[in-house]
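S.K.: Provided herewith is a single structure, encoded as structure tokens, for subsequent inquiry.
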Amino acid sequence: MVIVLLGPPGAGKGTQGERLAARLGIPKVATGDVLRDAVRRGTPLGLEAKALMDRGDLVPDSVIMGIMKETLAAPSAAKGVILDGVVRTTPQAEGLSKLLGDLGRQVDAVLLFDIVEDELVRRLSGRTTCNVCQKSFFGREPGEQCTDNGKTGVLVRRQDDEPDAVRKRLQVYRQQTAPVMDWYDRNGGRLAHIDALGTLDEVEGRAIRALETLKGGAA
Ligand SMILES: [Zn+2]
């Protein structure tokens, strides 16, 4: 089962993706991880991506999708895969659909985790980040210490977690995502909205029920 996760920053999509991966026994794949892995292994596309990043250039979708194709064709992804952050724009949705088609597969479910904007702003603007190890914390104040990774760091509020900056990030996200949702509606549907307000268990339960409904609909 190929599952695509969508959702604004702060909705908890990454955490839910990990839970679903553990429950379903399939890997969670994020663009950044796949890219770093290809660079580390020194694959041809990994080397191409590294050269671009070393020059400070963005890695284009075509290279990302090439690397993603290797990942999706690997035995580890045979049973299924959860794609987190792989699809953010319509060209990426199209690209993914095409490469899955080449592999004789398709997107089986798109889960969109969402919450009202005020809650997202509240969550993200309550986040502090360690200035040494970059770990994020909720419910801890700027100025507190972090010793989680061997070295002592200080928690700071990142500029892009300030409320105004958060609202701008959400605006950009919504501008990109609305067409992606339309695209999936026009191309087979299989998109479920998941209310991401609640405990981790509640949200996971909703995601599992949505997957069962989508699977039932496809059968
Ligand atoms: Zn730290």
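Here's how to read the names in the structure tokens: chain A, B, ... by the order shown, residue numbers from 1 in each chain, ligand numbers from 1 in the order shown.
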Could the residues that lie within 12 Å of ligand 1, counting only C-alpha atoms and all ligand atoms, be listed as a list of chain:residue names?
M.R.: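 Listing the residues within 12 Å of ligand 1 gives A:Thr128, A:Thr129, A:Cys130, A:Asn131, A:Val132, A:Cys133, A:Gln134, A:Lys135, A:Ser136, A:Phe137, A:Glu144, A:Gln145, A:Cys146, A:Thr147, A:Asp148, A:Asn149, A:Gly150, A:Lys151, A:Thr152, A:Gly153, A:Val154, A:Leu155, A:Val156.
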S.K.: With only C-alpha atoms as the counted atoms, please give the residues lying no more than 12 Å from Gly205 of chain A, apart from itself and same-chain residues fewer than 5 positions off, as a JSON list (two decimals) with N, CA, C and O atoms, in the first residue's frame.
M.R.:
```
[["chain", "number", "residue", "atom", "x", "y", "z"],
["A", 16, "GLN", "N", 2.62, 10.87, 13.22],
["A", 16, "GLN", "CA", 1.61, 9.88, 12.83],
["A", 16, "GLN", "C", 2.16, 8.94, 11.76],
["A", 16, "GLN", "O", 1.84, 7.75, 11.75],
["A", 19, "ARG", "N", 4.05, 6.27, 13.49],
["A", 19, "ARG", "CA", 3.14, 5.32, 14.15],
["A", 19, "ARG", "C", 2.51, 4.38, 13.13],
["A", 19, "ARG", "O", 2.42, 3.17, 13.35],
["A", 20, "LEU", "N", 2.07, 4.94, 12.00],
["A", 20, "LEU", "CA", 1.44, 4.10, 10.96],
["A", 20, "LEU", "C", 2.46, 3.12, 10.38],
["A", 20, "LEU", "O", 2.14, 1.96, 10.12],
["A", 23, "ARG", "N", 2.84, 0.32, 12.82],
["A", 23, "ARG", "CA", 1.64, -0.52, 12.90],
["A", 23, "ARG", "C", 1.47, -1.38, 11.64],
["A", 23, "ARG", "O", 1.09, -2.54, 11.71],
["A", 194, "ILE", "N", -8.03, 13.97, 7.71],
["A", 194, "ILE", "CA", -7.92, 13.46, 9.08],
["A", 194, "ILE", "C", -7.89, 14.66, 10.03],
["A", 194, "ILE", "O", -7.01, 15.52, 9.90],
["A", 195, "ASP", "N", -8.83, 14.68, 10.95],
["A", 195, "ASP", "CA", -8.83, 15.74, 11.96],
["A", 195, "ASP", "C", -7.65, 15.47, 12.91],
["A", 195, "ASP", "O", -7.63, 14.46, 13.60],
["A", 196, "ALA", "N", -6.68, 16.37, 12.90],
["A", 196, "ALA", "CA", -5.44, 16.15, 13.66],
["A", 196, "ALA", "C", -5.48, 16.78, 15.04],
["A", 196, "ALA", "O", -4.46, 16.89, 15.71],
["A", 198, "GLY", "N", -6.45, 16.36, 18.80],
["A", 198, "GLY", "CA", -6.75, 15.28, 19.73],
["A", 198, "GLY", "C", -5.46, 14.62, 20.18],
["A", 198, "GLY", "O", -4.36, 15.08, 19.85],
["A", 199, "THR", "N", -5.59, 13.52, 20.94],
["A", 199, "THR", "CA", -4.38, 12.83, 21.39],
["A", 199, "THR", "C", -3.77, 12.07, 20.21],
["A", 199, "THR", "O", -4.43, 11.86, 19.19],
["A", 200, "LEU", "N", -2.52, 11.64, 20.38],
["A", 200, "LEU", "CA", -1.86, 10.88, 19.32],
["A", 200, "LEU", "C", -2.65, 9.62, 18.99],
["A", 200, "LEU", "O", -2.80, 9.25, 17.82],
["A", 210, "ALA", "N", -9.65, 5.66, 8.29],
["A", 210, "ALA", "CA", -9.67, 6.23, 6.94],
["A", 210, "ALA", "C", -9.01, 5.28, 5.94],
["A", 210, "ALA", "O", -9.52, 5.09, 4.82],
["A", 211, "LEU", "N", -7.89, 4.67, 6.35],
["A", 211, "LEU", "CA", -7.21, 3.73, 5.44],
["A", 211, "LEU", "C", -8.10, 2.53, 5.14],
["A", 211, "LEU", "O", -8.16, 2.05, 4.00],
["A", 212, "GLU", "N", -8.81, 2.04, 6.17],
["A", 212, "GLU", "CA", -9.70, 0.89, 5.95],
["A", 212, "GLU", "C", -10.84, 1.26, 5.00],
["A", 212, "GLU", "O", -11.19, 0.48, 4.11]]
```
S.K.: How would you write, as number ranges by chain, the set of residues in segment 16-87 of chain A that DSSP gives as strand (DSSP E or B)?
M.R.: A: 28-30, 81-84
S.K.: Please write the residues from the selection above to a file, keeping C-alpha atoms, as a compact mmCIF listing (two decimals), in the first residue's frame.
M.R.:
```txt
# COMPACT_ATOMS: atom_id res chain seq x y z
CA LYS A 28 8.20 5.72 6.28
CA VAL A 29 10.10 7.60 3.63
CA ALA A 30 10.82 11.33 3.82
CA VAL A 81 5.56 2.66 1.89
CA ILE A 82 4.48 5.82 3.67
CA LEU A 83 5.62 8.97 1.88
CA ASP A 84 6.07 11.95 4.17
```
S.K.: Fewer than 6 positions away in the same chain doesn't count, so skip those; otherwise give me all residues within 12 Å of Lys79 of chain A, counting only C-alpha atoms, as a list in words.
M.R.: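 Counting only the stated atoms, we get Met1, Val2, Ile3, Ala21, Leu24, Gly25, Ile26, Pro27, Lys28, Leu72, Ala73 and Arg105 of chain A.
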S.K.: Taking only C-alpha atoms into account, which of A:Val121, A:Pro142, A:Gly126, A:Trp183 comes nearest Pro163 of chain A?
M.R.: A:Val121
S.K.: Could you pull out the alpha helix (DSSP H) residues of segment 90-218 of chain A, going by DSSP on the backbone, and write them as JSON, numbers by chain?
M.R.: {"A": [90, 91, 92, 93, 94, 95, 96, 97, 98, 99, 100, 101, 102, 117, 118, 119, 120, 121, 122, 123, 124, 125, 163, 164, 165, 166, 167, 168, 169, 170, 171, 172, 173, 174, 175, 176, 177, 178, 179, 180, 181, 182, 183, 184, 185, 186, 200, 201, 202, 203, 204, 205, 206, 207, 208, 209, 210, 211, 212, 213, 214, 215, 216, 217, 218]}
S.K.: Find the residues near Arg167 of chain A: any atom within 12 Å, counting only C-alpha atoms, skip ones fewer than 3 places away on the same chain, and give them as a list in words.
M.R.: Pro8, Pro9, Gly10, Val116, Glu117, Asp118, Glu119, Leu120, Val121, Arg122, Arg123, Leu124, Ser125, Asp160, Asp161, Glu162, Pro163, Asp164, Leu170, Gln171, Val172, Tyr173 and Arg174 of chain A
S.K.: Which residue is closest to Glu70 of chain A? Choose from A:Leu112, A:Leu35, A:Glu48, A:Gly7 and count only C-alpha atoms.
M.R.: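 Under the stated criterion, the closest residue is A:Leu35.
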S.K.: In Å to one decimal, how far is atom CA of Thr177 of chain A from atom CA of Thr89 of chain A?
M.R.: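 If I compute the distance from atom CA of Thr89 of chain A to atom CA of Thr177 of chain A, I get 6.5 Å.
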S.K.: Go through A:Gly80, A:Ile67, A:Gly17, A:Asp61 one by one, measure the shortest atom-to-atom distance of each to Gly42 of chain A using only C-alpha atoms, and give the residue with the smallest value.
M.R.: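 Once distances to Gly42 of chain A are computed over only C-alpha atoms, the minimum belongs to A:Ile67.
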S.K.: Can you tell me which residues surround Ala192 of chain A at a distance of at most 12 Å, considering only C-alpha atoms, apart from same-chain residues fewer than 6 positions away, and format the answer as a list in words?
M.R.: Ile3, Val4, Leu5, Leu6, Gly7, Asp108, Ala109, Val110, Leu111, Leu112, Phe113, Asp114, Met181, Tyr184, Asp185, Arg206, Ala207, Ile208, Arg209, Ala210, Leu211, Glu212, Thr213, Leu214, Lys215 and Gly217 of chain A
S.K.: Considering only C-alpha atoms, can you say which of A:Arg88, A:Lys69, A:Lys13, A:Lys98 comes closest to Pro179 of chain A?
M.R.: A:Arg88
S.K.: Rounded to one decimal in Å, what is the spacing between atom CA of Leu45 of chain A and atom CA of Gly66 of chain A?
M.R.: 7.1 Å
S.K.: Please, what distance in Å, to one decimal, runs between atom CA of Ala77 of chain A and atom CA of Asp201 of chain A?
M.R.: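 Interatomic distance, atom CA of Ala77 of chain A to atom CA of Asp201 of chain A: 25.5 Å.
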